Each structure stands twice: as structure tokens, then as C-alpha cells.
>>> print(open('work.csv').read())   # CSV, C-alpha atoms
chain,number,residue,atom,x,y,z
A,1,MET,CA,-11.7,-11.9,-16.0
A,2,SER,CA,-9.0,-9.3,-16.1
A,3,ILE,CA,-6.7,-9.0,-13.1
A,4,PHE,CA,-7.8,-5.4,-12.8
A,5,GLU,CA,-11.3,-6.6,-12.1
A,6,TYR,CA,-10.4,-9.3,-9.6
A,7,ASN,CA,-11.2,-7.3,-6.5
A,8,GLY,CA,-13.6,-4.8,-8.0
A,9,SER,CA,-13.4,-1.0,-7.5
A,10,ALA,CA,-15.0,2.4,-8.2
A,11,ILE,CA,-13.1,5.6,-7.8
A,12,VAL,CA,-14.0,9.1,-8.9
A,13,ALA,CA,-12.4,12.6,-8.4
A,14,MET,CA,-14.3,15.8,-9.1
A,15,VAL,CA,-13.4,19.5,-9.2
A,16,GLY,CA,-15.4,22.3,-7.5
A,17,LYS,CA,-14.8,26.0,-6.9
A,18,ASN,CA,-11.3,26.1,-5.1
A,19,CYS,CA,-12.0,22.6,-3.8
A,20,PHE,CA,-12.1,19.0,-4.9
A,21,ALA,CA,-13.8,15.7,-3.9
A,22,ILE,CA,-12.5,12.1,-4.2
A,23,ALA,CA,-14.7,9.1,-3.6
A,24,SER,CA,-14.6,5.3,-3.7
A,25,ASP,CA,-16.7,2.3,-2.9
A,26,ARG,CA,-15.9,0.1,0.1
A,27,ARG,CA,-16.2,-3.4,-1.2
A,28,LEU,CA,-13.3,-5.8,-1.4
A,29,GLY,CA,-14.2,-8.9,-3.3
A,30,VAL,CA,-12.6,-12.0,-4.8
A,31,GLN,CA,-14.4,-11.9,-8.2
A,32,LEU,CA,-18.1,-12.2,-7.2
A,33,GLN,CA,-17.5,-13.2,-3.5
A,34,THR,CA,-17.5,-10.3,-1.0
A,35,VAL,CA,-14.6,-10.5,1.4
A,36,ALA,CA,-14.8,-7.1,3.2
A,37,THR,CA,-17.2,-4.1,3.3
A,38,ASP,CA,-14.8,-1.5,4.7
A,39,PHE,CA,-11.9,-1.6,2.4
A,40,GLN,CA,-9.8,1.6,2.0
A,41,ARG,CA,-9.0,2.8,-1.6
A,42,ILE,CA,-8.3,6.5,-1.0
A,43,TYR,CA,-5.0,7.4,0.7
A,44,LYS,CA,-3.8,10.7,2.1
A,45,ILE,CA,-0.4,11.9,1.0
A,46,HIS,CA,-0.7,15.3,2.8
A,47,ASP,CA,-3.6,17.6,3.9
A,48,LYS,CA,-4.2,18.8,0.3
A,49,LEU,CA,-3.3,15.7,-1.7
A,50,TYR,CA,-5.0,12.4,-2.0
A,51,ILE,CA,-4.6,9.3,-4.3
A,52,GLY,CA,-7.2,6.6,-5.0
A,53,LEU,CA,-5.9,3.3,-6.3
A,54,ALA,CA,-8.2,1.1,-8.3
A,55,GLY,CA,-7.3,-2.4,-9.4
A,56,LEU,CA,-5.6,-5.3,-7.5
A,57,ALA,CA,-5.9,-4.6,-3.8
A,58,THR,CA,-2.5,-6.1,-2.8
A,59,ASP,CA,-0.7,-4.1,-5.4
A,60,ALA,CA,-2.5,-0.9,-4.4
A,61,GLN,CA,-1.4,-1.3,-0.8
A,62,THR,CA,2.2,-1.9,-1.9
A,63,LEU,CA,2.2,1.0,-4.3
A,64,HIS,CA,0.8,3.3,-1.6
A,65,GLN,CA,3.6,2.4,0.8
A,66,ARG,CA,6.2,3.1,-1.9
A,67,LEU,CA,4.7,6.5,-2.7
A,68,VAL,CA,4.5,7.6,1.0
A,69,PHE,CA,8.2,6.6,1.3
A,70,ARG,CA,9.1,8.7,-1.7
A,71,HIS,CA,7.0,11.6,-0.5
A,72,ASN,CA,8.6,11.5,2.9
A,73,LEU,CA,12.1,11.6,1.3
A,74,TYR,CA,11.0,14.7,-0.7
A,75,GLN,CA,9.7,16.4,2.5
A,76,LEU,CA,13.0,15.8,4.3
A,77,ARG,CA,15.1,17.1,1.4
A,78,GLU,CA,12.9,20.0,0.3
A,79,GLU,CA,11.3,20.9,3.7
A,80,ARG,CA,7.9,21.3,2.0
A,81,ASN,CA,5.0,19.2,0.7
A,82,MET,CA,4.9,18.0,-2.9
A,83,LYS,CA,2.7,19.9,-5.4
A,84,PRO,CA,0.0,17.7,-7.0
A,85,GLU,CA,1.7,18.1,-10.4
A,86,THR,CA,5.0,16.9,-9.0
A,87,PHE,CA,3.4,14.0,-7.3
A,88,ALA,CA,1.6,13.0,-10.5
A,89,SER,CA,5.0,12.9,-12.2
A,90,LEU,CA,6.4,10.8,-9.4
A,91,VAL,CA,3.5,8.3,-9.6
A,92,SER,CA,4.0,8.1,-13.4
A,93,ALA,CA,7.8,7.5,-13.0
A,94,VAL,CA,7.3,4.8,-10.2
A,95,LEU,CA,4.8,2.9,-12.3
A,96,TYR,CA,6.9,3.2,-15.5
A,97,GLU,CA,9.9,1.7,-13.6
A,98,LYS,CA,7.9,-1.5,-13.3
A,99,ARG,CA,6.5,-1.5,-16.8
A,100,PHE,CA,7.7,-5.1,-17.6
A,101,GLY,CA,6.0,-6.4,-14.4
A,102,PRO,CA,3.6,-3.7,-13.6
A,103,TYR,CA,1.5,-2.9,-10.5
A,104,PHE,CA,-2.0,-3.8,-11.5
A,105,CYS,CA,-3.4,-0.4,-10.4
A,106,GLN,CA,-5.0,2.6,-11.9
A,107,PRO,CA,-4.2,5.7,-9.9
A,108,VAL,CA,-6.6,8.7,-9.5
A,109,ILE,CA,-4.8,11.7,-8.1
A,110,ALA,CA,-6.5,14.8,-6.6
A,111,GLY,CA,-5.0,17.8,-4.9
A,112,LEU,CA,-4.9,21.6,-4.4
A,113,GLY,CA,-2.1,23.5,-6.0
A,114,GLU,CA,-0.2,26.6,-5.0
A,115,LYS,CA,-3.1,29.1,-5.4
A,116,ASP,CA,-5.6,26.5,-4.1
A,117,GLU,CA,-6.5,25.6,-7.7
A,118,PRO,CA,-7.8,22.0,-7.8
A,119,PHE,CA,-5.8,19.4,-9.8
A,120,ILE,CA,-7.0,16.0,-10.8
A,121,CYS,CA,-5.5,13.4,-13.1
A,122,THR,CA,-5.3,9.7,-13.8
A,123,MET,CA,-3.1,7.3,-15.7
A,124,ASP,CA,-2.8,3.6,-16.6
A,125,SER,CA,-0.8,0.9,-14.9
A,126,ILE,CA,2.5,1.9,-16.4
A,127,GLY,CA,2.1,5.6,-15.8
A,128,ALA,CA,1.0,6.5,-19.3
A,129,ASN,CA,-2.1,7.4,-21.3
A,130,GLU,CA,-2.6,7.3,-25.0
A,131,ASN,CA,-4.7,10.6,-24.9
A,132,ALA,CA,-2.2,12.3,-22.6
A,133,ASN,CA,-0.8,15.8,-23.1
A,134,VAL,CA,1.9,15.9,-20.4
A,135,ILE,CA,4.3,13.0,-19.6
A,136,GLY,CA,1.7,10.3,-20.1
A,137,ILE,CA,-0.7,11.9,-17.6
A,138,GLU,CA,-4.3,12.5,-18.4
A,139,LEU,CA,-5.3,15.8,-16.9
A,140,ALA,CA,-9.0,16.9,-16.5
A,141,LYS,CA,-10.8,20.1,-15.6
A,142,ASP,CA,-14.0,18.4,-14.4
A,143,PHE,CA,-13.7,14.7,-13.2
A,144,VAL,CA,-11.7,11.5,-13.6
A,145,VAL,CA,-12.8,8.0,-12.9
A,146,GLY,CA,-11.3,4.6,-12.4
A,147,GLY,CA,-12.1,1.0,-11.6
A,148,THR,CA,-14.6,-1.6,-12.8
A,149,ALA,CA,-17.5,0.9,-12.5
A,150,SER,CA,-15.7,3.5,-14.6
A,151,GLU,CA,-18.2,3.2,-17.6
A,152,SER,CA,-21.2,3.9,-15.5
A,153,LEU,CA,-19.3,6.6,-13.5
A,154,TYR,CA,-18.6,8.4,-16.8
A,155,GLY,CA,-22.3,8.5,-17.6
A,156,ALA,CA,-23.4,9.6,-14.1
A,157,CYS,CA,-20.7,12.3,-13.8
A,158,GLU,CA,-21.3,13.7,-17.3
A,159,SER,CA,-25.0,14.1,-16.5
A,160,MET,CA,-24.6,15.5,-13.0
A,161,TYR,CA,-21.4,17.6,-13.1
A,162,LYS,CA,-21.6,21.4,-13.1
A,163,PRO,CA,-18.6,23.8,-13.0
A,164,ASN,CA,-17.7,25.9,-9.9
A,165,MET,CA,-19.7,23.9,-7.4
A,166,GLU,CA,-19.4,24.9,-3.7
A,167,PRO,CA,-18.2,22.1,-1.3
A,168,ASP,CA,-21.7,21.0,-0.1
A,169,GLU,CA,-23.0,20.8,-3.7
A,170,LEU,CA,-19.9,19.0,-4.8
A,171,PHE,CA,-20.3,16.4,-2.0
A,172,GLU,CA,-23.9,15.8,-3.0
A,173,THR,CA,-23.0,15.5,-6.7
A,174,ILE,CA,-20.1,13.1,-6.3
A,175,SER,CA,-22.0,11.0,-3.8
A,176,GLN,CA,-25.1,10.6,-6.0
A,177,ALA,CA,-22.8,9.8,-9.0
A,178,LEU,CA,-20.9,7.1,-7.1
A,179,LEU,CA,-24.0,5.4,-5.6
A,180,ALA,CA,-25.8,5.4,-8.9
A,181,SER,CA,-22.8,3.9,-10.7
A,182,VAL,CA,-22.0,1.1,-8.3
A,183,ASP,CA,-25.6,-0.1,-8.5
A,184,ARG,CA,-24.8,-0.9,-12.1
A,185,ASP,CA,-21.6,-2.8,-11.4
A,186,CYS,CA,-21.7,-6.1,-9.5
A,187,LEU,CA,-18.0,-6.0,-8.6
A,188,SER,CA,-18.1,-2.7,-6.6
A,189,GLY,CA,-20.4,-1.2,-4.0
A,190,TRP,CA,-21.3,-1.6,-0.4
A,191,GLY,CA,-21.5,2.1,0.4
A,192,GLY,CA,-19.0,4.8,-0.3
A,193,HIS,CA,-16.2,6.9,1.2
A,194,VAL,CA,-16.1,10.5,0.2
A,195,ILE,CA,-13.5,13.2,1.0
A,196,VAL,CA,-14.0,16.9,0.2
A,197,VAL,CA,-11.0,19.1,0.5
A,198,THR,CA,-11.1,23.0,0.6
A,199,PRO,CA,-8.2,25.4,1.4
A,200,THR,CA,-9.2,25.4,5.0
A,201,GLU,CA,-10.7,22.1,5.9
A,202,VAL,CA,-11.1,18.4,5.0
A,203,THR,CA,-14.5,16.7,5.3
A,204,GLU,CA,-14.7,12.9,5.3
A,205,ARG,CA,-17.9,11.0,5.2
A,206,LYS,CA,-19.1,7.4,4.8
A,207,LEU,CA,-22.1,6.7,2.6
A,208,LYS,CA,-24.6,3.9,3.0
A,209,GLY,CA,-25.6,2.2,-0.2
A,210,ARG,CA,-27.2,-1.1,-1.3
A,211,MET,CA,-25.7,-3.9,0.8
A,212,ASP,CA,-26.1,-6.7,-1.6
>>> encode(input="work.csv", output="C-alpha cells")
Amino acid sequence: MSIFEYNGSAIVAMVGKNCFAIASDRRLGVQLQTVATDFQRIYKIHDKLYIGLAGLATDAQTLHQRLVFRHNLYQLREERNMKPETFASLVSAVLYEKRFGPYFCQPVIAGLGEKDEPFICTMDSIGANENANVIGIELAKDFVVGGTASESLYGACESMYKPNMEPDELFETISQALLASVDRDCLSGWGGHVIVVTPTEVTERKLKGRMD
């Protein structure tokens, strides 16, 4: 078993009309044994920027603390929040610094830019991507996925996604895609955690799924 699959995970970010949603499962496992059913995989950087970290749980928590530290330094120096594009470059640089002993994490970044345009991207554990078009970062205009359930997430999202969805429809779509996908992956599941962000509000909901 790969170290990336040791704890199990499922993360997906999806774009709507001037909004975005990011969702994850809630299971923390040690291979096939479930340890916790309320594990947090999505972290808030600021009101319009979130990061989901799939992979090894301990590395994800360490990486999150380092990224918050670096973002706080940026806020003190610049007196403003980081743009999603800038934050994605920071994450890529932090991961690449450790390329010879990497964090076993796959980040999924989602945020709203200057004109409230949604931005989502992902990258691998050393901040690069072989299909990348900007500094090793894989950008997307519809959805990005990560974790052990990524294969089934791709299929569910491709069949359910529609462009320019309103926040309520976006929540329903990403929730159904997540729940359908974790049912097909024994290393992730136990409900879901969904955050929908618009220019004016943040909606956070917990989903109940199969509890086996």
C-alpha cells in the first residue's frame, strides 16, 4: 500500500457562478481500520481561500501549520490577504523545498480572486504536475479531485458537473458526487464536509453517508 493511501481520503473542489465549493470525507483510518469519523481535511486560510490536504494525515497537519504561518507573515508585510494564485505558488514552493523528503500530501486549493472569479487547482507532493501549464500547478475551470477516491470522483464529477451553477445547485452536485464516490472506495467515507463560498457568505455543512 502506498503511503498516500495509508489514512484514506477524498477531496473535491468545484466551480460555480461566482462561487466555489470544496468537500472532503471525514474518515481517518489506518489502512482498513477506522480510527476517527470526524477528521478535518479542509482548512481555512482566509474567508475566500481554502485548502484541502489529501494523503498522510500527520503530514497534512504539519503542512497546514506551515502554510498558515507563511500566510500570516504575508498579511503582516502586505496588509492584505493572499490571492488564490499567489497562495498556490506559495504551496508549490513550500512543497518543492522538501522534494528530497516530501510531505506525503496532495493539496487541493480553492478560492475567489479579485473580481470574485473562482480559482481551483491541485498539484502533486512536490508542488509540480506533468500536465501543468503554470509553475507546476494544474489549473481547472470545472473541478479538481484528490485522495484515494479520486478515480471515482472523476467519474462522478464529469457526469454531474454543469457550468455556471448557483450556490444551492453547486452544493447539491458536489455532495452527490462525493457521497457516490466514497461508496466505491473502502479507504474513505463516513459522511462528508462541504463548504460553499460566495462573495458575501460562507456556508458549511456536514453530510451523513454510509457509516460502514
>>> residues_around(input="work.csv", residues="stretch 121-128 of chain A", least_positions_apart="4", cutoff="7 Å", atoms="all atoms listed in the file", output="PDB file with C-alpha atoms, in the coordinates of the input")
ATOM      1  CA  VAL A  91       3.500   8.300  -9.600  1.00  0.00           C
ATOM      2  CA  SER A  92       4.000   8.100 -13.400  1.00  0.00           C
ATOM      3  CA  ALA A  93       7.800   7.500 -13.000  1.00  0.00           C
ATOM      4  CA  LEU A  95       4.800   2.900 -12.300  1.00  0.00           C
ATOM      5  CA  TYR A  96       6.900   3.200 -15.500  1.00  0.00           C
ATOM      6  CA  ARG A  99       6.500  -1.500 -16.800  1.00  0.00           C
ATOM      7  CA  PRO A 102       3.600  -3.700 -13.600  1.00  0.00           C
ATOM      8  CA  TYR A 103       1.500  -2.900 -10.500  1.00  0.00           C
ATOM      9  CA  PHE A 104      -2.000  -3.800 -11.500  1.00  0.00           C
ATOM     10  CA  CYS A 105      -3.400  -0.400 -10.400  1.00  0.00           C
ATOM     11  CA  GLN A 106      -5.000   2.600 -11.900  1.00  0.00           C
ATOM     12  CA  PRO A 107      -4.200   5.700  -9.900  1.00  0.00           C
ATOM     13  CA  VAL A 108      -6.600   8.700  -9.500  1.00  0.00           C
ATOM     14  CA  ILE A 109      -4.800  11.700  -8.100  1.00  0.00           C
ATOM     15  CA  ALA A 110      -6.500  14.800  -6.600  1.00  0.00           C
ATOM     16  CA  GLY A 136       1.700  10.300 -20.100  1.00  0.00           C
ATOM     17  CA  ILE A 137      -0.700  11.900 -17.600  1.00  0.00           C
ATOM     18  CA  GLU A 138      -4.300  12.500 -18.400  1.00  0.00           C
ATOM     19  CA  LEU A 139      -5.300  15.800 -16.900  1.00  0.00           C
ATOM     20  CA  ALA A 140      -9.000  16.900 -16.500  1.00  0.00           C
ATOM     21  CA  VAL A 144     -11.700  11.500 -13.600  1.00  0.00           C
TER      22      VAL A 144
END
>>> residues_around(input="work.csv", residues="A:Pro118", least_positions_apart="3", cutoff="7 Å", atoms="all atoms listed in the file", output="PDB file with C-alpha atoms, in the coordinates of the input")
ATOM      1  CA  VAL A  15     -13.400  19.500  -9.200  1.00  0.00           C
ATOM      2  CA  ASN A  18     -11.300  26.100  -5.100  1.00  0.00           C
ATOM      3  CA  CYS A  19     -12.000  22.600  -3.800  1.00  0.00           C
ATOM      4  CA  PHE A  20     -12.100  19.000  -4.900  1.00  0.00           C
ATOM      5  CA  GLY A 111      -5.000  17.800  -4.900  1.00  0.00           C
ATOM      6  CA  LEU A 112      -4.900  21.600  -4.400  1.00  0.00           C
ATOM      7  CA  GLY A 113      -2.100  23.500  -6.000  1.00  0.00           C
TER       8      GLY A 113
END
>>> closest_residue(input="work.csv", among="A:Lys48, A:Lys115, A:Lys162, A:Lys17", to="A:Asn81", atoms="only C-alpha atoms")
A:Lys48
>>> atom_distance(input="work.csv", atom1="atom CA of A:Trp190", atom2="atom CA of A:Pro163")
28.5 Å
>>> closest_residue(input="work.csv", among="A:Ile11, A:Cys186, A:Val202, A:Met165", to="A:His46", atoms="all atoms listed in the file")
A:Val202
>>> residues_around(input="work.csv", residues="A:Met1", least_positions_apart="6", cutoff="12 Å", atoms="all atoms listed in the file", output="PyMOL selection string")
chain A and resi 7-8+30-32+148+187
>>> closest_residue(input="work.csv", among="A:Ser24, A:Thr200, A:Ser181, A:Thr37", to="A:Pro167", atoms="all atoms listed in the file")
A:Thr200
>>> closest_residue(input="work.csv", among="A:Ile45, A:Ala36, A:Ala149, A:Ser89", to="A:His71", atoms="all atoms listed in the file")
A:Ile45
>>> atom_distance(input="work.csv", atom1="atom CA of A:Arg41", atom2="atom CA of A:Arg80")
25.3 Å
>>> atom_distance(input="work.csv", atom1="atom CA of A:Met14", atom2="atom CA of A:Asp142")
5.9 Å
>>> closest_residue(input="work.csv", among="A:Val12, A:Phe4, A:Glu97, A:Glu114", to="A:Ala156", atoms="all atoms listed in the file")
A:Val12
